[in-house]
$ cat coords_13.txt   # compact mmCIF, C-alpha atoms
# COMPACT_ATOMS: atom_id res chain seq x y z
CA MET A 8 24.19 174.67 230.33
CA LYS A 9 27.76 175.76 231.05
CA LYS A 10 30.51 174.78 228.63
CA ILE A 11 33.76 173.15 229.70
CA VAL A 12 36.68 172.45 227.37
CA LEU A 13 39.13 169.80 228.56
CA LEU A 14 42.70 169.85 227.26
CA GLN A 15 45.18 166.99 227.21
CA PRO A 16 48.67 168.62 227.39
CA ALA A 17 51.16 167.68 224.69
CA TYR A 18 53.97 165.23 225.41
CA PRO A 19 56.65 167.36 227.11
CA TYR A 20 59.63 166.42 224.94
CA GLY A 21 58.91 168.08 221.60
CA LYS A 22 56.99 165.37 219.77
CA SER A 23 53.44 164.04 219.73
CA GLN A 24 52.36 160.97 221.66
CA VAL A 25 48.92 159.54 220.94
CA TYR A 26 47.79 157.96 224.19
CA MET A 27 44.31 157.99 225.70
CA GLY A 28 44.80 158.51 229.42
CA GLY A 29 42.12 157.70 231.93
CA ALA A 30 42.13 160.82 234.12
CA LEU A 31 40.74 163.38 231.67
CA ILE A 32 38.18 160.94 230.24
CA SER A 33 36.96 160.15 233.77
CA VAL A 34 36.66 163.83 234.71
CA GLY A 35 34.81 164.52 231.48
CA SER A 36 32.36 161.71 232.20
CA GLN A 37 31.72 163.11 235.69
CA LEU A 38 31.05 166.58 234.25
CA LEU A 39 28.69 165.19 231.61
CA ALA A 40 26.77 163.39 234.36
CA LEU A 41 26.41 166.75 236.15
CA GLY A 42 24.81 168.26 233.03
CA PHE A 43 27.73 170.33 231.71
CA GLU A 44 28.50 170.54 227.99
CA VAL A 45 31.96 168.99 227.64
CA THR A 46 34.39 169.17 224.72
CA MET A 47 37.84 167.59 224.74
CA PHE A 48 40.96 168.30 222.69
CA ASP A 49 44.32 166.53 222.75
CA LEU A 50 47.16 168.98 222.13
CA ASN A 51 49.20 166.10 220.71
CA MET A 52 46.74 166.14 217.81
CA THR A 53 45.58 169.78 217.75
CA ASP A 54 47.43 173.08 218.06
CA ILE A 55 45.88 175.32 220.70
CA GLN A 56 45.70 178.27 218.30
CA THR A 57 43.39 176.35 215.95
CA ILE A 58 40.80 175.83 218.71
CA MET A 59 40.96 179.32 220.21
CA SER A 60 37.44 180.15 218.96
CA VAL A 61 36.06 177.15 220.88
CA LEU A 62 38.01 178.13 223.98
CA GLN A 63 36.70 181.71 223.78
CA ASN A 64 33.14 180.43 224.10
CA ALA A 65 33.85 178.19 227.09
CA ASP A 66 32.92 178.97 230.68
CA TYR A 67 35.85 176.91 232.00
CA VAL A 68 38.94 175.20 230.64
CA GLY A 69 40.23 172.11 232.43
CA VAL A 70 43.72 170.59 232.26
CA THR A 71 44.93 167.40 233.93
CA VAL A 72 48.66 167.15 234.66
CA ILE A 73 49.78 163.51 234.81
CA GLY A 74 53.38 164.03 235.91
CA SER A 75 56.01 166.61 236.87
CA PRO A 76 57.50 166.91 233.34
CA TYR A 77 54.12 168.21 232.10
CA ILE A 78 54.18 171.24 234.41
CA PRO A 79 56.21 173.55 232.09
CA GLY A 80 53.89 172.87 229.15
CA THR A 81 50.82 173.42 231.31
CA ILE A 82 52.18 176.79 232.42
CA GLU A 83 52.49 177.75 228.74
CA ILE A 84 48.88 176.68 228.14
CA ALA A 85 47.73 178.87 231.04
CA LYS A 86 49.72 181.83 229.67
CA GLN A 87 48.17 181.43 226.21
CA LEU A 88 44.69 181.39 227.76
CA ALA A 89 45.28 184.34 230.11
CA MET A 90 43.77 186.78 227.61
CA LEU A 91 40.44 184.91 227.58
CA ASP A 92 39.60 185.87 231.15
CA ILE A 93 38.04 182.50 232.02
CA PRO A 94 39.11 180.14 234.83
CA VAL A 95 41.64 177.50 233.83
CA LEU A 96 41.11 174.62 236.24
CA ILE A 97 44.31 172.64 236.66
CA GLY A 98 44.29 169.30 238.45
CA GLY A 99 45.95 165.90 238.61
CA GLN A 100 47.94 164.13 241.31
CA VAL A 101 51.10 166.16 240.82
CA ILE A 102 49.17 169.47 241.00
CA ALA A 103 47.29 168.32 244.10
CA LYS A 104 50.61 167.80 245.87
CA LEU A 105 52.01 171.26 245.18
CA GLY A 106 51.77 173.78 247.98
CA GLN A 107 49.45 176.74 247.45
CA ARG A 108 52.31 179.24 247.31
CA GLU A 109 54.23 177.00 244.90
CA PHE A 110 51.22 176.83 242.57
CA ILE A 111 50.68 180.61 242.72
CA THR A 112 54.36 181.22 241.90
CA LEU A 113 54.36 178.75 238.99
CA PHE A 114 51.18 180.11 237.40
CA ALA A 115 51.64 183.81 238.21
CA GLY A 116 49.95 186.12 235.71
CA THR A 117 47.43 183.53 234.52
CA ASN A 118 43.84 182.55 235.33
CA ALA A 119 44.92 179.15 236.66
CA VAL A 120 43.03 177.67 239.61
CA GLN A 121 44.49 174.79 241.59
CA ILE A 122 42.10 171.83 241.86
CA LYS A 123 43.35 169.56 244.62
CA ASN A 124 40.22 167.52 245.21
CA GLN A 125 36.52 167.12 244.54
CA VAL A 126 35.64 169.92 246.97
CA ASP A 127 37.80 172.41 245.03
CA LEU A 128 36.16 171.33 241.76
CA ALA A 129 32.66 171.61 243.21
CA GLU A 130 33.39 175.10 244.55
CA MET A 131 34.59 176.35 241.16
CA LEU A 132 31.63 174.82 239.32
CA ALA A 133 29.13 175.98 241.97
CA VAL A 134 27.76 172.47 242.58
CA ASP A 135 27.30 170.32 245.67
CA PRO A 136 30.40 168.10 246.16
CA ALA A 137 28.08 165.19 246.97
CA SER A 138 26.47 165.53 243.54
CA ILE A 139 29.72 164.71 241.70
CA PRO A 140 29.52 160.99 240.82
CA ASP A 141 32.39 158.69 241.72
CA ALA A 142 34.66 158.23 238.71
CA PHE A 143 34.70 154.46 239.27
CA SER A 144 30.91 154.13 239.30
CA ILE A 145 30.07 155.68 235.93
CA SER A 146 30.49 154.70 232.30
CA LEU A 147 33.06 156.42 230.10
CA ILE A 148 31.02 155.83 226.94
CA PRO A 149 29.38 159.30 226.87
CA MET A 150 32.83 160.94 226.83
CA TRP A 151 34.12 158.64 224.08
CA GLU A 152 31.05 159.52 222.03
CA ARG A 153 31.73 163.23 222.58
CA MET A 154 35.29 163.03 221.27
CA GLY A 155 34.15 161.71 217.86
CA ASP A 156 35.28 158.82 215.67
CA GLU A 157 38.40 160.47 214.24
CA MET A 158 40.03 161.03 217.62
CA LEU A 159 38.79 157.73 219.06
CA HIS A 160 40.13 155.81 216.06
CA LYS A 161 43.60 157.33 216.57
CA TYR A 162 43.52 156.35 220.24
CA LEU A 163 42.35 152.79 219.63
CA LYS A 164 45.20 152.13 217.19
CA ASN A 165 47.61 152.65 220.10
CA GLU A 166 47.92 151.32 223.62
CA MET A 167 45.60 153.22 225.96
CA THR A 168 44.61 153.38 229.62
CA LEU A 169 42.09 150.90 231.00
CA VAL A 170 40.41 152.46 234.03
CA PHE A 171 40.49 149.43 236.33
CA SER A 172 41.31 150.43 239.91
CA GLN A 173 43.15 153.04 241.97
CA GLY A 174 44.78 153.00 245.37
CA CYS A 175 47.53 151.02 247.05
CA HIS A 176 47.87 150.12 250.72
CA PHE A 177 51.67 150.23 250.49
CA GLN A 178 53.51 153.54 251.01
CA CYS A 179 56.81 153.52 249.10
CA ALA A 180 58.61 156.75 250.02
CA PHE A 181 59.84 157.59 246.49
CA CYS A 182 56.41 157.08 244.91
CA ALA A 183 54.33 160.20 244.20
CA ALA A 184 51.05 158.40 243.50
CA GLU A 185 48.06 158.19 245.83
CA LYS A 186 49.06 155.50 248.30
CA LYS A 187 48.40 154.07 251.76
CA GLN A 188 44.72 153.86 250.95
CA ARG A 189 42.10 151.27 250.16
CA GLU A 190 41.92 150.22 246.52
CA ARG A 191 38.78 151.22 244.61
CA PHE A 192 37.62 149.28 241.56
CA LYS A 193 35.75 150.18 238.42
CA GLY A 194 32.26 148.73 238.78
CA SER A 195 32.02 145.36 237.03
CA GLU A 196 28.94 146.32 235.03
CA HIS A 197 30.47 149.56 233.75
CA LEU A 198 33.79 147.84 232.98
CA CYS A 199 31.91 145.29 230.88
CA HIS A 200 29.82 147.89 229.03
CA ASP A 201 32.82 150.15 228.40
CA LEU A 202 34.84 147.27 226.95
CA GLU A 203 31.92 146.11 224.81
CA TYR A 204 31.65 149.65 223.41
CA LEU A 205 35.37 149.80 222.60
CA VAL A 206 35.49 146.39 220.90
CA GLY A 207 32.41 147.44 218.93
CA LYS A 208 34.20 150.59 217.75
CA ALA A 209 37.31 148.51 216.98
CA LYS A 210 35.23 146.33 214.64
CA GLU A 211 33.74 149.44 213.05
CA PHE A 212 37.25 150.83 212.44
CA GLY A 213 38.55 147.51 211.09
CA LEU A 214 40.92 146.93 214.01
CA LYS A 215 41.81 143.40 215.13
CA LYS A 216 43.11 144.14 218.62
CA LEU A 217 43.00 146.61 221.51
CA GLU A 218 45.94 147.18 223.85
CA PHE A 219 45.57 148.50 227.39
CA TYR A 220 47.70 149.54 230.35
CA THR A 221 45.67 149.43 233.56
CA THR A 222 45.43 152.24 236.11
CA SER A 223 46.14 149.85 238.99
CA LEU A 224 49.16 150.53 241.19
CA ASP A 225 49.08 146.93 242.42
CA PHE A 226 46.87 144.94 240.07
CA PHE A 227 46.62 141.72 242.10
CA GLN A 228 46.23 143.35 245.52
CA ASN A 229 42.58 142.26 245.98
CA VAL A 230 42.34 138.79 244.49
CA ALA A 231 38.56 138.24 244.40
CA GLU A 232 37.89 141.62 242.75
CA VAL A 233 40.61 141.06 240.16
CA GLN A 234 39.43 137.54 239.35
CA GLU A 235 35.89 138.74 238.69
CA ARG A 236 37.05 141.49 236.33
CA LEU A 237 39.53 139.27 234.49
CA GLN A 238 36.65 136.89 233.81
CA ILE A 239 34.65 139.80 232.38
CA ILE A 240 37.52 140.79 230.09
CA ALA A 241 37.96 137.17 228.98
CA SER A 242 34.26 136.94 228.16
CA VAL A 243 34.26 140.18 226.14
CA GLN A 244 37.31 139.02 224.19
CA GLU A 245 35.79 135.62 223.40
CA THR A 246 32.40 137.04 222.40
CA SER A 247 33.74 139.89 220.27
CA GLY A 248 36.60 138.14 218.50
CA ILE A 249 38.74 141.25 219.09
CA GLN A 250 42.09 140.44 220.70
CA ILE A 251 42.57 142.23 224.01
CA LYS A 252 46.11 142.72 225.31
CA ILE A 253 46.66 144.01 228.84
CA ARG A 254 49.74 145.18 230.73
CA CYS A 255 49.65 145.96 234.42
CA LEU A 256 51.78 146.85 237.44
CA SER A 257 51.93 144.57 240.48
CA CYS A 258 53.82 144.00 243.69
CA MET A 259 55.54 140.63 243.62
CA VAL A 260 53.88 139.43 246.83
CA SER A 261 50.43 140.24 245.43
CA PHE A 262 51.14 138.42 242.17
CA MET A 263 52.37 135.29 243.92
CA LYS A 264 49.44 135.36 246.36
CA ALA A 265 46.96 135.59 243.48
CA SER A 266 48.67 132.70 241.69
CA LYS A 267 47.96 130.47 244.69
CA GLU A 268 44.39 131.65 245.33
CA ILE A 269 42.99 131.79 241.78
CA GLN A 270 42.26 128.39 240.32
CA ASP A 271 43.78 127.92 236.85
CA PHE A 272 45.58 131.24 237.27
CA GLU A 273 47.68 130.84 234.13
CA VAL A 274 44.62 129.98 232.02
CA LEU A 275 42.63 132.98 233.26
CA LEU A 276 45.47 135.39 232.47
CA ARG A 277 45.76 133.99 228.97
CA GLN A 278 41.99 134.13 228.37
CA ALA A 279 41.86 137.76 229.55
CA GLY A 280 44.85 138.74 227.38
CA LEU A 281 47.04 139.73 230.34
CA TRP A 282 50.47 139.14 228.86
CA CYS A 283 52.81 141.49 230.73
CA VAL A 284 53.28 142.41 234.40
CA GLY A 285 55.62 145.11 235.68
CA PHE A 286 57.15 144.25 239.05
CA GLY A 287 58.50 147.01 241.30
CA ILE A 288 61.89 145.70 242.41
CA ASP A 289 63.29 149.16 243.15
CA GLY A 290 66.38 148.27 245.12
CA LEU A 291 68.32 145.06 245.63
CA ASP A 292 68.94 145.25 249.35
CA SER A 293 66.68 144.98 252.41
CA LEU A 294 68.16 148.18 253.90
CA VAL A 295 67.22 150.15 250.78
CA TRP A 296 63.73 148.65 250.75
CA LEU A 297 63.26 149.59 254.39
CA SER A 298 64.55 153.13 253.86
CA GLN A 299 62.01 153.56 251.03
CA LYS A 300 59.20 151.96 253.08
CA LYS A 301 58.98 149.19 250.48
CA ARG A 302 58.51 146.57 253.15
CA GLN A 303 56.65 144.22 250.81
CA ASN A 304 60.04 143.32 249.28
CA LYS A 305 62.01 141.08 251.65
CA THR A 306 64.82 139.23 249.89
CA LEU A 307 66.42 138.78 246.48
CA GLU A 308 65.28 135.16 246.61
CA GLN A 309 61.69 136.45 246.63
CA VAL A 310 62.46 138.52 243.52
CA TRP A 311 63.87 135.55 241.61
CA THR A 312 61.00 133.29 242.65
CA CYS A 313 58.49 135.74 241.18
CA LEU A 314 60.44 136.31 237.96
CA ASP A 315 60.99 132.57 237.51
CA TYR A 316 57.30 131.88 237.97
CA ALA A 317 56.26 134.55 235.45
CA GLU A 318 58.66 133.05 232.92
CA LYS A 319 57.29 129.58 233.61
CA ILE A 320 53.64 130.51 232.91
CA GLY A 321 54.45 132.57 229.82
CA VAL A 322 53.94 136.06 231.28
CA GLN A 323 56.42 138.74 230.25
CA ALA A 324 57.90 140.22 233.40
CA GLU A 325 59.00 143.86 233.32
CA ALA A 326 61.65 144.31 236.00
CA LEU A 327 61.21 147.90 237.20
CA LEU A 328 64.59 148.85 238.67
CA VAL A 329 64.48 152.27 240.29
CA MET A 330 68.09 152.84 241.36
CA GLY A 331 70.31 155.54 242.76
CA PHE A 332 68.60 156.03 246.12
CA PRO A 333 70.58 158.23 248.54
CA GLU A 334 71.38 155.23 250.76
CA GLU A 335 73.10 153.29 247.96
CA ARG A 336 76.87 153.23 247.63
CA ILE A 337 78.92 152.53 244.50
CA ARG A 338 79.13 148.80 245.25
CA MET A 339 75.36 148.59 245.41
CA MET A 340 74.99 150.43 242.10
CA PHE A 341 76.98 147.76 240.33
CA LYS A 342 74.78 145.06 241.82
CA TYR A 343 72.09 146.38 239.49
CA LEU A 344 74.39 145.74 236.55
CA GLN A 345 74.97 142.18 237.77
CA PHE A 346 71.24 141.63 238.33
CA ALA A 347 70.40 142.90 234.84
CA PHE A 348 73.02 140.62 233.29
CA VAL A 349 71.73 137.51 235.06
CA ALA A 350 68.04 138.33 234.48
CA GLY A 351 68.58 139.14 230.82
CA TRP A 352 70.36 135.87 230.07
CA LYS A 353 68.31 133.66 232.39
CA HIS A 354 64.85 134.66 231.19
CA LYS A 355 63.78 134.73 227.56
CA ARG A 356 60.73 136.96 228.06
CA ILE A 357 61.95 139.44 230.67
CA VAL A 358 62.18 143.16 229.88
CA LEU A 359 64.42 145.39 231.99
CA ARG A 360 63.12 148.85 232.84
CA PRO A 361 65.82 150.75 234.77
CA TYR A 362 65.01 154.19 236.15
CA LEU A 363 66.83 156.74 238.27
CA ALA A 364 65.39 157.69 241.65
CA LYS A 365 64.48 161.33 242.07
CA PRO A 366 64.42 162.01 245.82
CA GLN A 367 62.12 165.05 245.60
CA ILE A 368 58.95 164.82 243.51
CA PRO A 369 55.66 166.56 244.31
CA GLY A 370 53.69 164.02 246.31
CA ASN A 371 56.48 161.78 247.56
CA ASP A 372 57.76 161.71 251.12
CA HIS A 373 60.71 164.02 250.44
CA TRP A 374 59.09 166.97 248.63
CA GLY A 375 58.55 168.69 251.94
CA ALA A 376 56.92 171.99 252.85
CA ASP A 377 55.32 174.56 250.57
CA ASP A 378 58.39 176.44 249.28
CA PRO A 379 57.98 178.98 246.42
CA ASP A 380 61.77 179.49 246.40
CA ARG A 381 62.46 175.86 245.56
CA GLU A 382 64.77 175.50 242.53
CA PHE A 383 62.14 173.71 240.46
CA VAL A 384 59.49 176.34 241.20
CA ARG A 385 61.79 179.22 240.28
CA LEU A 386 62.88 177.48 237.05
CA PRO A 387 59.88 175.34 235.99
CA GLN A 388 61.69 173.77 233.01
CA LYS A 389 63.63 171.76 235.58
CA PHE A 390 60.50 169.79 236.43
CA LYS A 391 61.42 167.76 233.34
CA SER A 392 64.52 166.63 235.23
CA LEU A 393 62.24 164.83 237.69
CA ASP A 394 61.28 162.27 235.05
CA PHE A 395 62.40 158.83 236.27
CA CYS A 396 63.82 158.25 232.78
CA ALA A 397 66.12 161.27 233.11
CA ILE A 398 69.74 160.81 234.09
CA GLY A 399 70.68 162.34 237.43
CA SER A 400 71.67 166.00 237.56
CA PRO A 401 73.06 168.26 240.32
CA ASP A 402 69.46 169.35 240.97
CA THR A 403 68.23 165.81 241.61
CA ASN A 404 71.38 163.98 242.77
CA PRO A 405 73.73 166.57 244.31
CA ILE A 406 76.56 164.25 245.47
CA TRP A 407 78.82 163.96 242.44
CA TRP A 408 80.21 160.43 242.96
CA HIS A 409 76.76 159.07 243.73
CA ARG A 410 75.31 160.78 240.66
CA TRP A 411 78.00 159.59 238.27
CA SER A 412 77.99 155.99 239.48
CA ALA A 413 74.19 155.79 239.27
CA ASN A 414 74.17 157.39 235.81
CA LEU A 415 76.90 155.05 234.57
CA VAL A 416 75.08 151.90 235.64
CA PHE A 417 71.76 153.20 234.35
CA LEU A 418 73.22 153.99 230.93
CA LEU A 419 75.12 150.69 230.75
CA ILE A 420 71.97 148.66 231.36
CA CYS A 421 70.09 150.65 228.73
CA GLY A 422 73.00 150.55 226.29
CA ILE A 423 73.61 146.80 226.58
CA TRP A 424 70.07 145.48 226.64
CA SER A 425 68.11 147.93 224.42
CA PRO A 426 69.75 146.71 221.17
CA LEU A 427 68.84 143.15 222.21
CA GLY A 428 65.19 144.11 222.70
CA LYS A 429 65.28 143.51 226.46
CA CYS A 430 65.19 147.09 227.71
CA THR A 431 62.47 149.62 226.90
CA THR A 432 63.78 152.59 228.88
CA SER A 433 65.08 155.52 226.84
CA PRO A 434 67.40 157.71 228.93
CA LEU A 435 66.35 161.35 228.88
CA MET A 436 68.63 164.34 229.37
CA PRO A 437 67.79 166.70 232.28
CA GLN A 438 67.55 170.46 232.03
CA GLY A 439 70.71 172.27 233.12
CA ARG A 440 72.07 175.76 233.59
CA SER A 441 73.61 176.12 230.12
CA ARG A 442 71.68 177.10 226.98
CA LEU A 443 73.91 174.86 224.90
CA TRP A 444 73.26 171.87 227.18
CA ASN A 445 69.51 172.51 227.20
CA ALA A 446 69.46 172.68 223.39
CA PHE A 447 71.25 169.32 223.28
CA ALA A 448 68.89 167.87 225.90
CA ASP A 449 65.83 169.03 223.96
CA LEU A 450 67.16 167.50 220.73
CA TRP A 451 68.09 164.20 222.42
CA ASN A 452 64.75 163.88 224.19
CA ARG A 453 62.90 164.52 220.94
CA ILE A 454 64.84 161.77 219.14
CA VAL A 455 64.77 158.87 221.59
CA PRO A 456 61.80 156.45 221.61
CA PHE A 457 58.92 156.81 224.07
CA ASP A 458 59.19 154.92 227.33
CA ARG A 459 56.80 151.97 227.28
$ encode --input "coords_13.txt" --output "structure tokens"
Amino acid sequence: MKKIVLLQPAYPYGKSQVYMGGALISVGSQLLALGFEVTMFDLNMTDIQTIMSVLQNADYVGVTVIGSPYIPGTIEIAKQLAMLDIPVLIGGQVIAKLGQREFITLFAGTNAVQIKNQVDLAEMLAVDPASIPDAFSISLIPMWERMGDEMLHKYLKNEMTLVFSQGCHFQCAFCAAEKKQRERFKGSEHLCHDLEYLVGKAKEFGLKKLEFYTTSLDFFQNVAEVQERLQIIASVQETSGIQIKIRCLSCMVSFMKASKEIQDFEVLLRQAGLWCVGFGIDGLDSLVWLSQKKRQNKTLEQVWTCLDYAEKIGVQAEALLVMGFPEERIRMMFKYLQFAFVAGWKHKRIVLRPYLAKPQIPGNDHWGADDPDREFVRLPQKFKSLDFCAIGSPDTNPIWWHRWSANLVFLLICGIWSPLGKCTTSPLMPQGRSRLWNAFADLWNRIVPFDR
């Protein structure tokens, strides 16, 4: 039986974040089903040097990278493991979207192997790709049991990922997630059993509630499937007596469609503990929406109708405002400020989540060809500048007036509404060319609260 150690990279901004993601747990469950011996460590909880003896006895080490800012830390992990002379399998959506030459340049001098898909994984593990079970058709319980009560207890005390569905038939240009594909759902039976296991552990640990953020890119996209699973969650909550709280992400058109098609929509959401929905507004003009292929957004009237309805039924709306797209001029930037002012005063429950567009991110429409000479590949620390929470820099927003106007509006929205509890975005400082600036950026990013 071959041994695989899975590592969750540490939060990239110099502090620990306890958050149970879904990707690594799902991969671990697939590997267990194949008969491998799987051990998992979270580098937010454990220093890599303290587990070196376990790593030395492994046949493989696996790392999942969940976003561009995690790339520099993952490179450091690969460097620390280079002396062990075992393959370090590195995957995740952002890694899958890097060109082969880019990956080789980033991880030069290490034993890192790029895992883009199931075929790559099967080749490295010497198994038939068809034998790898679908991540949405297996239970995650075996992996939770493997991690042990101490780690699981820490995770359950915090919000965690609920593996619910993946895939979105929309194709927003700035988005780096898997898109323009049919949505796949966690099997109803496994979803039920997994939740029953977690509420059982919550009771064992003396916890009164569990908080989840779903994996769905557009939660209400397939109404019948969502309705069935919300009913399962509602049943588990009622039977167990453990409060379940769920946040999700949804397109406005999908949310409004579901509200018309699901009978007693408001009641079902309340029974299932779904209290907060993030809506991708991402622009305030039809020309911007079209340029970003966000054709599901039509008019500002549509935006207000959705936000008004969420307020009416007692759902907290999170207004996701990605701003600073190349097509936007200064006048448009200040429309965001006006929108935030009106939304903040008009709606009691709304939370504003402004972000700054980053035109080039691995996986989005603008990253382009495999280029090992790209600025971010040559200086990997700059991948942290691609965080949507980071203010614009010359590397991400090269036109100075565009950058400064977008940064000003972004910071004003955060500065005005965060003290009032209506903004959860913490602006991050990008990496620059000066050591002094980078020291300041590192300190600032370590101090500010986590983005929700």
$ atom_distance --input "coords_13.txt" --atom1 "CA of Ser172 (chain A)" --atom2 "CA of Lys252 (chain A)"
17.2 Å
$ residues_around --input "coords_13.txt" --residues "Val310 (chain A)" --least-positions-apart "4" --cutoff "12 Å" --atoms "only C-alpha atoms" --output "NGL selection string"
:A and (258-260 or 262-263 or 286-293 or 303-306 or 314-317 or 324 or 326-328 or 346 or 350)
$ residues_around --input "coords_13.txt" --residues "Lys429 (chain A)" --least-positions-apart "4" --cutoff "10 Å" --atoms "all atoms listed in the file" --output "PyMOL selection string"
chain A and resi 325+347+350-352+355-360+420-421+423-425
$ residues_around --input "coords_13.txt" --residues "Ala30 (chain A)" --least-positions-apart "3" --cutoff "12 Å" --atoms "only C-alpha atoms" --output "ChimeraX atom specification"
/A:13-15,26-27,33-37,69-74,98-100,142-143,147,150,167-173,221-222
$ residues_around --input "coords_13.txt" --residues "region 399-412 of chain A" --least-positions-apart "3" --cutoff "8 Å" --atoms "only C-alpha atoms" --output "list in words"
Gly331, Pro333, Arg336, Ile337, Met340, Leu363, Lys365, Pro366, Gln367, Glu382, Ser392, Leu393, Leu415, Val416, Pro437 and Gly439 of chain A
$ write_last_selection --input "coords_13.txt" --atoms "C-alpha atoms" --output "compact mmCIF listing (two decimals), in the frame of the given file"
# COMPACT_ATOMS: atom_id res chain seq x y z
CA GLY A 331 70.31 155.54 242.76
CA PRO A 333 70.58 158.23 248.54
CA ARG A 336 76.87 153.23 247.63
CA ILE A 337 78.92 152.53 244.50
CA MET A 340 74.99 150.43 242.10
CA LEU A 363 66.83 156.74 238.27
CA LYS A 365 64.48 161.33 242.07
CA PRO A 366 64.42 162.01 245.82
CA GLN A 367 62.12 165.05 245.60
CA GLU A 382 64.77 175.50 242.53
CA SER A 392 64.52 166.63 235.23
CA LEU A 393 62.24 164.83 237.69
CA LEU A 415 76.90 155.05 234.57
CA VAL A 416 75.08 151.90 235.64
CA PRO A 437 67.79 166.70 232.28
CA GLY A 439 70.71 172.27 233.12
$ atom_distance --input "coords_13.txt" --atom1 "CA of Gln278 (chain A)" --atom2 "CA of Leu217 (chain A)"
14.3 Å
$ residues_around --input "coords_13.txt" --residues "Glu196 (chain A)" --least-positions-apart "5" --cutoff "10 Å" --atoms "only C-alpha atoms" --output "PyMOL selection string"
chain A and resi 144-146+201+236+239
